[in-house]
file entry.cif (mmCIF, C-alpha atoms)
data_data
loop_
_atom_site.label_atom_id
_atom_site.label_comp_id
_atom_site.auth_asym_id
_atom_site.auth_seq_id
_atom_site.Cartn_x
_atom_site.Cartn_y
_atom_site.Cartn_z
CA MET A 147 0.00 0.00 0.00
CA ASN A 148 2.82 2.36 0.97
CA LEU A 149 4.67 1.44 -2.18
CA LEU A 150 1.64 2.30 -4.29
CA LEU A 151 1.20 5.61 -2.47
CA ASN A 152 4.88 6.48 -2.97
CA GLY A 153 4.60 5.52 -6.60
CA ASN A 154 1.59 7.78 -7.08
CA LEU A 155 3.31 10.66 -5.29
CA MET A 156 6.38 10.23 -7.48
CA LEU A 157 4.25 10.16 -10.60
CA GLY A 158 2.44 13.30 -9.51
CA SER A 159 5.71 15.08 -8.82
CA PHE A 160 7.13 13.94 -12.16
CA LYS A 161 4.03 15.22 -13.99
CA ARG A 162 4.31 18.61 -12.26
CA LYS A 163 8.01 18.88 -13.14
CA PHE A 164 7.31 17.83 -16.71
CA LYS A 165 4.54 20.44 -17.06
CA LYS A 166 6.83 23.11 -15.61
CA THR A 167 9.64 22.19 -18.00
CA LYS A 168 7.23 22.28 -20.92
CA GLU A 169 6.00 25.72 -19.88
CA ASP A 170 9.57 26.96 -19.49
CA LEU A 171 10.43 25.66 -22.94
CA GLU A 172 7.42 27.43 -24.44
CA LYS A 173 8.40 30.68 -22.72
CA LEU A 174 11.93 30.27 -24.03
CA GLU A 175 10.60 29.64 -27.52
CA LEU A 176 8.51 32.83 -27.43
CA TYR A 177 11.44 34.78 -26.04
CA LEU A 178 13.71 33.56 -28.83
CA GLN A 179 11.11 34.35 -31.47
CA ASP A 180 10.60 37.88 -30.12
CA LEU A 181 14.32 38.49 -29.77
CA SER A 182 15.06 37.23 -33.25
CA ALA A 183 12.28 39.40 -34.72
CA PHE A 184 13.48 42.47 -32.82
CA LEU A 185 17.22 42.22 -33.53
CA PRO A 186 18.37 44.84 -36.03
CA VAL A 187 20.96 42.36 -37.31
CA ALA A 188 20.23 39.90 -40.10
CA LEU A 189 20.66 36.40 -38.71
CA CYS A 190 20.98 33.16 -40.57
CA LEU A 191 21.26 29.63 -39.33
CA LEU A 192 23.23 27.25 -41.52
CA SER A 193 23.11 23.48 -41.41
CA GLY A 194 26.24 21.38 -40.99
CA VAL A 195 26.73 21.30 -44.77
CA GLY A 196 26.55 25.09 -45.04
CA LYS A 197 23.01 25.32 -46.36
CA ILE A 198 20.56 27.99 -45.24
CA PHE A 199 18.21 26.57 -42.66
CA ASN A 200 16.63 29.53 -40.95
CA ILE A 201 16.63 33.33 -41.18
CA ASN A 202 15.11 36.14 -39.14
CA ASP A 203 12.83 39.03 -40.17
CA ARG A 204 15.71 41.46 -40.61
CA PHE A 205 17.40 39.02 -42.97
CA GLU A 206 14.22 38.81 -45.06
CA LYS A 207 14.03 42.61 -45.20
CA LEU A 208 17.69 43.03 -46.10
CA THR A 209 17.85 40.42 -48.85
CA GLY A 210 14.27 40.49 -50.10
CA TYR A 211 14.24 36.70 -49.86
CA GLN A 212 11.85 34.68 -47.73
CA LEU A 213 12.95 31.53 -45.97
CA ILE A 214 11.00 29.37 -48.39
CA ASP A 215 13.03 30.82 -51.33
CA LEU A 216 16.38 30.31 -49.68
CA SER A 217 16.17 27.19 -47.53
CA GLY A 218 18.38 24.39 -48.75
CA SER A 219 20.51 26.78 -50.79
CA GLN A 220 24.24 26.99 -50.21
CA VAL A 221 24.96 30.22 -48.38
CA GLU A 222 27.26 31.49 -51.16
CA LYS A 223 24.12 32.03 -53.26
CA ILE A 224 23.58 35.38 -51.57
CA PHE A 225 27.16 36.65 -51.76
CA LEU A 226 29.17 38.10 -54.60
CA GLU A 227 32.45 36.68 -53.30
CA LYS A 228 31.44 33.00 -53.35
CA GLU A 229 34.93 31.54 -53.04
CA LYS A 230 35.76 33.78 -50.06
CA ILE A 231 32.68 32.75 -48.05
CA ARG A 232 33.32 29.06 -48.86
CA ASN A 233 36.88 29.43 -47.57
CA LEU A 234 35.73 31.05 -44.33
CA ILE A 235 33.28 28.23 -43.63
CA GLU A 236 36.00 25.73 -44.46
CA LYS A 237 38.25 27.42 -41.88
CA ILE A 238 35.62 26.89 -39.18
CA LEU A 239 34.97 23.35 -40.32
CA ASN A 240 38.69 22.58 -40.12
CA LYS A 241 38.81 24.23 -36.69
CA GLU A 242 41.37 26.77 -37.90
CA GLU A 243 39.01 29.40 -36.48
CA GLU A 244 35.98 29.15 -34.21
CA ILE A 245 34.55 32.61 -34.90
CA ILE A 246 35.07 34.92 -37.82
CA ARG A 247 34.14 38.53 -37.25
CA ASN A 248 33.20 41.40 -39.54
CA GLU A 249 34.52 40.16 -42.84
CA GLU A 250 33.38 42.46 -45.61
CA PHE A 251 31.32 41.11 -48.48
CA PHE A 252 28.81 42.18 -51.06
CA LEU A 253 25.42 40.62 -50.50
CA VAL A 254 23.36 40.14 -53.66
CA SER A 255 19.68 40.76 -52.89
CA LYS A 256 16.76 39.08 -54.64
CA LYS A 257 16.47 42.16 -56.87
CA GLY A 258 20.16 41.85 -57.73
CA GLU A 259 21.29 44.86 -55.69
CA LYS A 260 24.80 44.62 -54.28
CA ILE A 261 24.74 45.56 -50.61
CA PRO A 262 27.99 45.99 -48.66
CA VAL A 263 27.83 43.91 -45.49
CA ALA A 264 30.03 42.79 -42.60
CA VAL A 265 29.66 39.09 -41.91
CA SER A 266 30.40 37.20 -38.70
CA ILE A 267 30.25 33.42 -38.56
CA SER A 268 30.42 31.13 -35.59
CA ALA A 269 30.39 27.36 -35.29
CA ARG A 270 27.42 25.71 -33.60
CA ARG A 271 28.42 22.56 -31.75
CA ASP A 272 26.61 19.98 -29.67
CA LYS A 273 27.61 18.99 -26.12
CA GLN A 274 30.19 16.57 -27.49
CA GLY A 275 31.75 19.29 -29.60
CA ASN A 276 30.49 17.96 -32.93
CA LEU A 277 29.74 20.60 -35.50
CA ILE A 278 25.98 20.80 -36.06
CA GLY A 279 25.79 24.03 -38.01
CA TYR A 280 26.77 27.66 -38.12
CA PHE A 281 25.40 30.99 -36.95
CA MET A 282 25.81 33.85 -39.33
CA ALA A 283 25.22 37.53 -38.54
CA ILE A 284 25.10 40.07 -41.33
CA ASN A 285 25.36 43.80 -40.78
CA ASP A 286 24.37 46.21 -43.49
CA ILE A 287 27.30 48.63 -43.75
CA THR A 288 25.92 50.70 -46.62
CA GLU A 289 25.81 53.88 -44.51
CA PHE A 290 29.25 53.23 -43.10
CA LYS A 291 30.60 52.64 -46.60
CA LYS A 292 28.95 55.85 -47.84
CA LEU A 293 30.55 57.72 -44.98
CA GLN A 294 33.86 56.07 -45.74
CA GLU A 295 33.54 56.99 -49.42
CA ASN A 296 32.67 60.58 -48.53
CA LEU A 297 35.65 60.75 -46.24
CA LYS A 298 37.89 59.29 -48.93
CA LYS A 299 36.53 61.82 -51.41
CA LYS A 300 37.09 64.64 -48.96
CA VAL A 301 40.61 63.44 -48.16
CA LYS A 302 41.30 63.22 -51.90
CA GLU A 303 39.95 66.73 -52.49
CA ARG A 304 41.90 68.12 -49.57
CA THR A 305 45.05 66.33 -50.73
CA LYS A 306 44.57 67.84 -54.19
CA GLU A 307 44.12 71.28 -52.65
CA LEU A 308 47.23 70.85 -50.58
CA GLU A 309 49.18 69.64 -53.59
CA GLU A 310 48.08 72.76 -55.49
CA ARG A 311 49.18 74.87 -52.55
CA VAL A 312 52.55 73.11 -52.42
CA LYS A 313 52.97 73.70 -56.16
CA GLU A 314 52.14 77.38 -55.67
CA LEU A 315 54.64 77.64 -52.87
CA GLU A 316 57.21 75.88 -55.01
CA ARG A 317 56.61 78.40 -57.80
CA PHE A 318 56.86 81.22 -55.30
CA ARG A 319 60.03 79.74 -53.85
CA LYS A 320 61.59 79.46 -57.31
CA LEU A 321 60.55 82.98 -58.07
CA THR A 322 61.89 84.39 -54.86
CA GLU A 323 65.02 82.29 -55.15
CA GLY A 324 65.56 83.69 -58.67
CA ARG A 325 65.07 87.23 -57.40
CA GLU A 326 67.49 86.60 -54.58
CA LEU A 327 70.12 85.38 -57.00
CA LYS A 328 69.53 88.37 -59.25
CA MET A 329 69.83 90.70 -56.23
CA MET A 330 73.09 89.09 -55.24
CA GLU A 331 74.36 89.45 -58.80
CA LEU A 332 73.26 93.09 -58.86
CA LYS A 333 74.96 93.74 -55.52
CA LYS A 334 78.13 92.19 -56.89
CA ARG A 335 77.85 94.33 -60.02
CA ILE A 336 77.29 97.50 -57.93
CA LYS A 337 80.25 96.61 -55.79
CA SER A 338 82.48 96.02 -58.81
CA LEU A 339 81.28 99.32 -60.37
CA GLU A 340 81.90 101.12 -57.10
CA ASN A 341 85.41 99.65 -57.06
CA LYS A 342 85.99 100.72 -60.61
CA LEU A 343 84.80 104.26 -59.80
CA ARG A 344 87.09 104.41 -56.78
CA GLU A 345 90.06 103.29 -58.90
CA ASN A 346 89.32 105.90 -61.59
CA ALA A 347 88.98 108.62 -58.99
CA MET B 116 -10.36 34.40 -53.86
CA GLU B 117 -12.26 31.95 -56.01
CA SER B 118 -15.68 30.47 -55.33
CA PHE B 119 -15.59 26.97 -53.93
CA ASP B 120 -17.85 24.02 -53.23
CA LYS B 121 -18.60 24.49 -49.54
CA GLU B 122 -20.96 21.53 -49.40
CA GLN B 123 -18.28 19.21 -50.75
CA LEU B 124 -15.84 20.56 -48.17
CA LYS B 125 -18.35 19.99 -45.38
CA LYS B 126 -18.89 16.44 -46.59
CA GLU B 127 -15.15 15.75 -46.57
CA ALA B 128 -14.79 17.45 -43.19
CA LYS B 129 -17.45 15.23 -41.68
CA LYS B 130 -15.58 12.11 -42.75
CA LEU B 131 -12.26 13.54 -41.72
CA LEU B 132 -13.26 14.56 -38.22
CA LYS B 133 -14.27 11.00 -37.44
CA ILE B 134 -10.68 9.80 -37.85
CA LYS B 135 -8.92 9.33 -34.54
CA GLY B 136 -5.31 10.21 -33.80
CA LYS B 137 -3.77 13.12 -31.97
CA THR B 138 -0.88 15.45 -32.67
CA ARG B 139 1.23 18.06 -31.00
CA GLY B 140 1.18 19.91 -34.28
CA GLU B 141 2.00 23.50 -34.98
CA SER B 142 -1.17 24.70 -36.67
CA TYR B 143 -0.21 28.34 -36.03
CA LEU B 144 2.34 27.80 -38.79
CA ILE B 145 -0.48 27.23 -41.27
CA GLY B 146 -1.88 30.58 -40.17
CA LEU B 147 1.55 32.17 -40.60
CA TYR B 148 1.87 30.71 -44.09
CA LEU B 149 -1.57 32.02 -45.07
CA LYS B 150 -0.72 35.44 -43.67
CA LYS B 151 2.49 35.60 -45.69
CA LYS B 152 0.74 34.46 -48.84
CA TYR B 153 -2.67 36.14 -48.64
CA GLY B 154 -2.41 38.65 -45.80
CA ARG B 155 -4.75 38.92 -42.80
CA ARG B 156 -7.83 38.72 -45.01
CA GLY B 157 -6.78 35.28 -46.22
CA VAL B 158 -6.29 34.07 -42.65
CA LYS B 159 -9.67 35.46 -41.64
CA LYS B 160 -11.40 33.77 -44.55
CA VAL B 161 -10.04 30.35 -43.54
CA GLU B 162 -10.96 31.00 -39.90
CA GLU B 163 -14.50 31.86 -40.89
CA VAL B 164 -15.03 28.72 -42.96
CA VAL B 165 -13.42 26.48 -40.33
CA SER B 166 -15.61 28.08 -37.62
CA GLU B 167 -18.65 27.31 -39.73
CA ILE B 168 -17.62 23.66 -40.04
CA PHE B 169 -16.75 23.31 -36.34
CA LYS B 170 -19.90 25.22 -35.43
CA LYS B 171 -17.85 27.23 -32.95
CA PRO B 172 -15.42 30.15 -33.32
CA PHE B 173 -12.01 29.17 -34.56
CA SER B 174 -8.89 31.29 -34.82
CA PHE B 175 -5.31 30.25 -35.40
CA PRO B 176 -3.36 29.93 -32.17
CA LYS B 177 -0.53 32.38 -31.55
CA GLY B 178 2.00 29.73 -30.67
CA ARG B 179 2.48 26.02 -30.20
CA PRO B 180 -0.44 24.31 -28.46
CA ARG B 181 0.19 22.96 -24.98
CA GLU B 182 -2.00 19.94 -25.39
CA TRP B 183 -2.42 17.19 -27.91
CA TYR B 184 -5.34 17.70 -30.29
CA PRO B 185 -6.86 15.75 -33.19
CA GLU B 186 -4.64 15.67 -36.27
CA ALA B 187 -7.84 15.79 -38.32
CA LYS B 188 -8.23 19.43 -37.22
CA ASP B 189 -4.97 20.46 -38.88
CA VAL B 190 -5.80 18.45 -41.98
CA LEU B 191 -9.19 20.12 -42.15
CA ILE B 192 -7.60 23.58 -42.00
CA ILE B 193 -5.31 22.64 -44.88
CA LEU B 194 -8.22 21.20 -46.81
CA THR B 195 -10.22 24.37 -46.27
CA ALA B 196 -7.35 26.48 -47.59
CA LYS B 197 -7.08 24.15 -50.58
CA TYR B 198 -10.78 24.66 -51.36
CA LEU B 199 -10.74 28.39 -50.71
CA PHE B 200 -7.63 29.25 -52.70
CA ASN B 201 -7.90 26.49 -55.26
CA TRP B 202 -4.57 25.05 -54.19
CA LYS B 203 -2.68 22.69 -56.43
CA GLU B 204 -0.11 20.11 -55.41
CA LYS B 205 2.68 22.69 -55.56
CA ASP B 206 0.90 24.89 -52.96
CA LEU B 207 0.53 21.94 -50.58
CA PHE B 208 4.18 21.03 -51.16
CA ASP B 209 5.19 24.62 -50.34
CA LEU B 210 3.05 24.60 -47.20
CA GLY B 211 4.80 21.40 -46.05
CA LYS B 212 8.15 23.01 -46.77
CA PHE B 213 7.20 26.18 -44.92
CA HIS B 214 5.89 24.17 -41.97
CA ALA B 215 9.13 22.23 -41.57
CA LEU B 216 11.30 25.32 -41.95
CA HIS B 217 9.45 27.34 -39.33
CA SER B 218 8.90 24.52 -36.87
CA PHE B 219 10.47 25.08 -33.49
CA THR B 220 10.78 21.33 -32.99
CA ILE B 221 12.81 21.05 -36.16
CA LYS B 222 15.11 23.81 -34.95
CA ILE B 223 15.73 21.84 -31.80
CA LEU B 224 16.25 18.64 -33.76
CA ILE B 225 18.85 20.22 -36.04
CA LYS B 226 21.52 18.27 -34.17
CA PHE B 227 20.27 15.20 -36.01
CA PHE B 228 20.54 16.89 -39.37
CA VAL B 229 24.25 16.47 -39.74
CA SER B 230 24.19 13.54 -42.09
CA GLU B 231 21.86 11.57 -44.32
CA ARG B 232 22.26 8.53 -42.09
CA ARG B 233 21.38 10.37 -38.88
CA ILE B 234 18.17 11.71 -40.37
CA PHE B 235 17.31 8.21 -41.51
CA GLU B 236 18.04 6.74 -38.09
CA ASN B 237 16.10 9.38 -36.14
CA ALA B 238 13.04 9.63 -38.37
CA SER B 239 10.87 7.48 -36.11
CA ASP B 240 11.79 9.49 -32.99
CA TYR B 241 10.65 12.61 -34.73
CA TRP B 242 7.28 11.07 -35.58
CA ASP B 243 6.73 9.85 -32.02
CA LYS B 244 7.27 13.38 -30.71
CA HIS B 245 4.46 14.67 -32.92
CA PHE B 246 1.83 11.94 -33.16
CA ASP B 247 0.18 9.41 -30.88
CA PHE B 248 -0.69 7.20 -33.83
CA GLY B 249 0.98 5.78 -36.93
CA SER B 250 4.70 5.62 -37.44
CA LEU B 251 7.51 6.87 -39.61
CA GLU B 252 9.97 4.15 -40.48
CA GLY B 253 13.30 4.28 -42.18
CA ALA B 254 12.97 1.35 -44.61
CA GLU B 255 16.14 1.53 -46.67
CA PHE B 256 19.35 3.50 -46.70
CA ASN B 257 21.66 3.27 -49.69
CA GLU B 258 24.65 5.53 -49.32
CA LYS B 259 26.32 4.27 -52.49
CA GLU B 260 23.38 5.05 -54.72
CA ARG B 261 22.47 8.05 -52.59
CA TYR B 262 18.89 7.43 -51.65
CA LEU B 263 16.81 6.51 -48.63
CA VAL B 264 13.29 5.27 -48.21
CA LEU B 265 10.85 6.44 -45.52
CA ARG B 266 7.47 4.90 -44.86
CA ILE B 267 4.53 6.47 -43.05
CA LYS B 268 2.32 3.74 -41.67
CA GLY B 269 -1.13 4.00 -40.09
CA TYR B 270 -1.77 7.54 -41.33
CA LYS B 271 -4.85 7.76 -43.53
CA LEU B 272 -6.44 11.15 -43.15
CA HIS B 273 -6.60 12.86 -46.51
CA PRO B 274 -4.61 12.88 -49.78
CA VAL B 275 -3.81 16.60 -49.28
CA MET B 276 -1.22 15.45 -46.79
CA CYS B 277 0.84 13.53 -49.38
CA PRO B 278 2.31 16.59 -51.14
CA PHE B 279 2.48 18.30 -47.73
CA TYR B 280 4.79 15.58 -46.38
CA ARG B 281 6.76 15.54 -49.60
CA GLY B 282 7.44 19.25 -49.03
CA TYR B 283 8.15 18.66 -45.36
CA PHE B 284 10.76 15.98 -46.06
CA TYR B 285 12.18 18.01 -48.92
CA ALA B 286 12.72 21.05 -46.66
CA ILE B 287 14.59 19.06 -44.03
CA CYS B 288 16.67 16.99 -46.43
CA SER B 289 17.58 19.84 -48.77
CA CYS B 290 19.04 21.70 -45.77
CA ALA B 291 20.86 18.73 -44.30
CA PHE B 292 22.06 16.81 -47.34
CA LYS B 293 24.93 17.68 -49.62
CA GLY B 294 23.86 18.46 -53.17
CA GLU B 295 20.45 18.64 -54.77
CA VAL B 296 17.59 16.67 -53.21
CA SER B 297 14.46 15.14 -54.70
CA VAL B 298 11.52 13.58 -52.86
CA GLU B 299 9.03 11.32 -54.54
CA GLU B 300 6.05 9.48 -53.12
CA THR B 301 6.33 5.97 -54.56
CA LYS B 302 3.51 4.34 -52.59
CA CYS B 303 0.35 5.87 -51.22
CA ILE B 304 -2.24 4.52 -48.84
CA PHE B 305 -4.94 6.33 -50.85
CA LYS B 306 -3.92 4.41 -53.97
CA GLY B 307 -4.34 1.03 -52.34
CA ASP B 308 -0.83 0.59 -50.96
CA PRO B 309 -0.42 -0.47 -47.33
CA TYR B 310 1.49 2.71 -46.44
CA HIS B 311 2.93 5.95 -47.82
CA GLU B 312 6.45 5.52 -49.13
CA PHE B 313 8.80 8.35 -49.94
CA ILE B 314 12.08 7.94 -51.75
CA ILE B 315 14.57 10.69 -51.07
CA LYS B 316 17.52 11.01 -53.44
CA TRP B 317 20.55 13.24 -53.17
#
call {"tool": "encode", "arguments": {"input": "entry.cif", "output": "structure tokens"}}
result
Amino acid sequence: MNLLLNGNLMLGSFKRKFKKTKEDLEKLELYLQDLSAFLPVALCLLSGVGKIFNINDRFEKLTGYQLIDLSGSQVEKIFLEKEKIRNLIEKILNKEEEIIRNEEFFLVSKKGEKIPVAVSISARRDKQGNLIGYFMAINDITEFKKLQENLKKKVKERTKELEERVKELERFRKLTEGRELKMMELKKRIKSLENKLRENA
Amino acid sequence: MESFDKEQLKKEAKKLLKIKGKTRGESYLIGLYLKKKYGRRGVKKVEEVVSEIFKKPFSFPKGRPREWYPEAKDVLIILTAKYLFNWKEKDLFDLGKFHALHSFTIKILIKFFVSERRIFENASDYWDKHFDFGSLEGAEFNEKERYLVLRIKGYKLHPVMCPFYRGYFYAICSCAFKGEVSVEETKCIFKGDPYHEFIIKW
């Protein structure tokens, strides 16, 4: 009788724990969904063979692709530098690197636009350390690139201005140097004429 | 939205809802798919027709259900969408694909998607997590000729689910397998075979 009672109590406790775990898991799921939808970074989950498995809302907005269009595609499909991205994934696969941060690429959107992006990739491993996929974060650096281009342009313009100024100064220097030499020559000539006059007197 | 035979749908629904078997499905994903494809109006339209069939208000849940519920309910929602939007096989295939790709359970199970063999070996576990009836069996695995055979046994709800499962398997395998993947249903319980059989090549 006691055994049966203990058994029932254990079963009840197990059921409660199971229900609690299930609820926690559901809360976690919602949290992850909300977080992934909120993040201003485009996220992509790759399978162990480097194929696109999941993407977040930001990724859909950035690329114009929906998950259903991209799933099962090799990740290089969305990049201009296909060889480079393959090599980076290979590096992680071969454990040469565990995380790759902010590598610059051109992302090719569904419309064919080339968007400058910074890509970070990290390995996703199970408890035993086996590779089960990759996380990929993509940052749109269009604005940064524009700023960089503007800066480059400004630096170029300023450099050109400075070069012009240097040239002007050089011309001025040559001019003044020429005058100086002429002055010295004239002084010499005056001196020699003065000497001559003194001798004749 | 095209006109559809509501009476025929009701007739099919009546038969369908008699079939036993529960699931811990993710019917909210069907709602999400409809929203992406037809907007809120499309979702509402399906909800209205399903409510009429159930004779009580129905709306797509916001997340995964906590309890098991009849699989026939999910199948009926899909069937309603098929009638309402005049879906062809390709649409049902896409829905299956979408369902697998957005499933939280699949995201958790990604650890099994590291090789063709592991998917084959864990197929039945996956089924048991979702259904309290039927089974999914790995029948054959041929690494040399690059194909595997899966069989769904004891699942006879409606033929709309055949292209749905083809899409579902396609989505998982095309992400996990190297190279191009094709999924074909070679046997079907609705064509007199004892089970559904899918051959997946890569």
call {"tool": "residues_near_point", "arguments": {"input": "entry.cif", "point": "(13.4, 11.1, -47.3)", "cutoff": "6 Å", "atoms": "all atoms listed in the file", "output": "list in words"}}
result
Leu263, Val264, Leu265, Phe284, Phe313, Ile314 and Ile315 of chain B
call {"tool": "atom_distance", "arguments": {"input": "entry.cif", "atom1": "atom CA of Tyr310 of chain B", "atom2": "atom CA of Arg266 of chain B"}}
result
6.6 Å
call {"tool": "closest_atom_pairs", "arguments": {"input": "entry.cif", "of": "chain B", "to": "chain A", "cutoff": "7 Å", "atoms": "all atoms listed in the file", "output": "tab-separated table"}}
result
residue	atom	partner	partner_atom	distance
B:Phe213	CA	A:Ile214	CA	6.1
B:Leu216	CA	A:Asn200	CA	6.9
B:Lys226	CA	A:Ile278	CA	5.5
B:Val229	CA	A:Gly194	CA	5.4
B:Ala286	CA	A:Gly218	CA	6.9
B:Ser289	CA	A:Gly218	CA	4.6
B:Cys290	CA	A:Gly218	CA	4.1
B:Ala291	CA	A:Ser193	CA	6.0
B:Phe292	CA	A:Val195	CA	7.0
B:Lys293	CA	A:Val195	CA	6.3
call {"tool": "atom_distance", "arguments": {"input": "entry.cif", "atom1": "atom CA of Cys303 of chain B", "atom2": "atom CA of Glu186 of chain B"}}
result
18.6 Å
call {"tool": "resolve_selection", "arguments": {"input": "entry.cif", "expression": "the PyMOL selection byres ((chain A and resi 250-252) around 10)", "output": "ChimeraX atom specification"}}
result
/A:224-228,230-231,247-249,253-255,259-266,284-287
call {"tool": "resolve_selection", "arguments": {"input": "entry.cif", "expression": "the PyMOL selection byres ((chain B and resi 259) around 12)", "output": "PyMOL selection string"}}
result
chain B and resi 231-232+256-258+260-263+316-317
call {"tool": "resolve_selection", "arguments": {"input": "entry.cif", "expression": "the PyMOL selection byres ((chain B and resi 183) around 6)", "output": "list in words"}}
result
Lys137, Thr138, Arg139, Glu182 and Tyr184 of chain B
call {"tool": "decode", "arguments": {"input": "entry.cif", "residues": "segment 315-332 of chain A", "atoms": "N, CA and C atoms", "output": "PDB file, in the first residue's frame"}}
result
ATOM      1  N   LEU A 315      53.507  77.248 -53.721  1.00  0.00           N
ATOM      2  CA  LEU A 315      54.637  77.643 -52.866  1.00  0.00           C
ATOM      3  C   LEU A 315      55.968  77.393 -53.568  1.00  0.00           C
ATOM      4  N   GLU A 316      55.995  76.247 -54.288  1.00  0.00           N
ATOM      5  CA  GLU A 316      57.212  75.876 -55.008  1.00  0.00           C
ATOM      6  C   GLU A 316      57.529  76.944 -56.063  1.00  0.00           C
ATOM      7  N   ARG A 317      56.434  77.348 -56.766  1.00  0.00           N
ATOM      8  CA  ARG A 317      56.613  78.397 -57.800  1.00  0.00           C
ATOM      9  C   ARG A 317      57.115  79.688 -57.148  1.00  0.00           C
ATOM     10  N   PHE A 318      56.487  79.996 -56.025  1.00  0.00           N
ATOM     11  CA  PHE A 318      56.865  81.217 -55.297  1.00  0.00           C
ATOM     12  C   PHE A 318      58.326  81.152 -54.837  1.00  0.00           C
ATOM     13  N   ARG A 319      58.651  79.928 -54.330  1.00  0.00           N
ATOM     14  CA  ARG A 319      60.030  79.738 -53.850  1.00  0.00           C
ATOM     15  C   ARG A 319      61.025  79.964 -54.996  1.00  0.00           C
ATOM     16  N   LYS A 320      60.690  79.330 -56.159  1.00  0.00           N
ATOM     17  CA  LYS A 320      61.588  79.458 -57.309  1.00  0.00           C
ATOM     18  C   LYS A 320      61.741  80.918 -57.714  1.00  0.00           C
ATOM     19  N   LEU A 321      60.563  81.572 -57.684  1.00  0.00           N
ATOM     20  CA  LEU A 321      60.546  82.983 -58.070  1.00  0.00           C
ATOM     21  C   LEU A 321      61.402  83.823 -57.134  1.00  0.00           C
ATOM     22  N   THR A 322      61.150  83.592 -55.843  1.00  0.00           N
ATOM     23  CA  THR A 322      61.893  84.394 -54.858  1.00  0.00           C
ATOM     24  C   THR A 322      63.373  84.044 -54.874  1.00  0.00           C
ATOM     25  N   GLU A 323      63.623  82.715 -55.100  1.00  0.00           N
ATOM     26  CA  GLU A 323      65.022  82.286 -55.154  1.00  0.00           C
ATOM     27  C   GLU A 323      65.720  82.969 -56.331  1.00  0.00           C
ATOM     28  N   GLY A 324      65.023  83.048 -57.467  1.00  0.00           N
ATOM     29  CA  GLY A 324      65.562  83.693 -58.672  1.00  0.00           C
ATOM     30  C   GLY A 324      65.854  85.164 -58.403  1.00  0.00           C
ATOM     31  N   ARG A 325      64.898  85.799 -57.735  1.00  0.00           N
ATOM     32  CA  ARG A 325      65.073  87.225 -57.405  1.00  0.00           C
ATOM     33  C   ARG A 325      66.287  87.421 -56.506  1.00  0.00           C
ATOM     34  N   GLU A 326      66.385  86.539 -55.544  1.00  0.00           N
ATOM     35  CA  GLU A 326      67.490  86.598 -54.577  1.00  0.00           C
ATOM     36  C   GLU A 326      68.839  86.549 -55.307  1.00  0.00           C
ATOM     37  N   LEU A 327      68.871  85.551 -56.246  1.00  0.00           N
ATOM     38  CA  LEU A 327      70.123  85.381 -56.996  1.00  0.00           C
ATOM     39  C   LEU A 327      70.426  86.639 -57.820  1.00  0.00           C
ATOM     40  N   LYS A 328      69.360  87.159 -58.431  1.00  0.00           N
ATOM     41  CA  LYS A 328      69.530  88.368 -59.249  1.00  0.00           C
ATOM     42  C   LYS A 328      70.021  89.533 -58.385  1.00  0.00           C
ATOM     43  N   MET A 329      69.451  89.641 -57.173  1.00  0.00           N
ATOM     44  CA  MET A 329      69.827  90.701 -56.226  1.00  0.00           C
ATOM     45  C   MET A 329      71.301  90.590 -55.879  1.00  0.00           C
ATOM     46  N   MET A 330      71.680  89.314 -55.609  1.00  0.00           N
ATOM     47  CA  MET A 330      73.089  89.091 -55.238  1.00  0.00           C
ATOM     48  C   MET A 330      74.016  89.492 -56.388  1.00  0.00           C
ATOM     49  N   GLU A 331      73.566  89.090 -57.619  1.00  0.00           N
ATOM     50  CA  GLU A 331      74.358  89.449 -58.798  1.00  0.00           C
ATOM     51  C   GLU A 331      74.467  90.973 -58.947  1.00  0.00           C
ATOM     52  N   LEU A 332      73.294  91.629 -58.741  1.00  0.00           N
ATOM     53  CA  LEU A 332      73.260  93.093 -58.860  1.00  0.00           C
ATOM     54  C   LEU A 332      74.170  93.755 -57.817  1.00  0.00           C
TER      55      LEU A 332
END
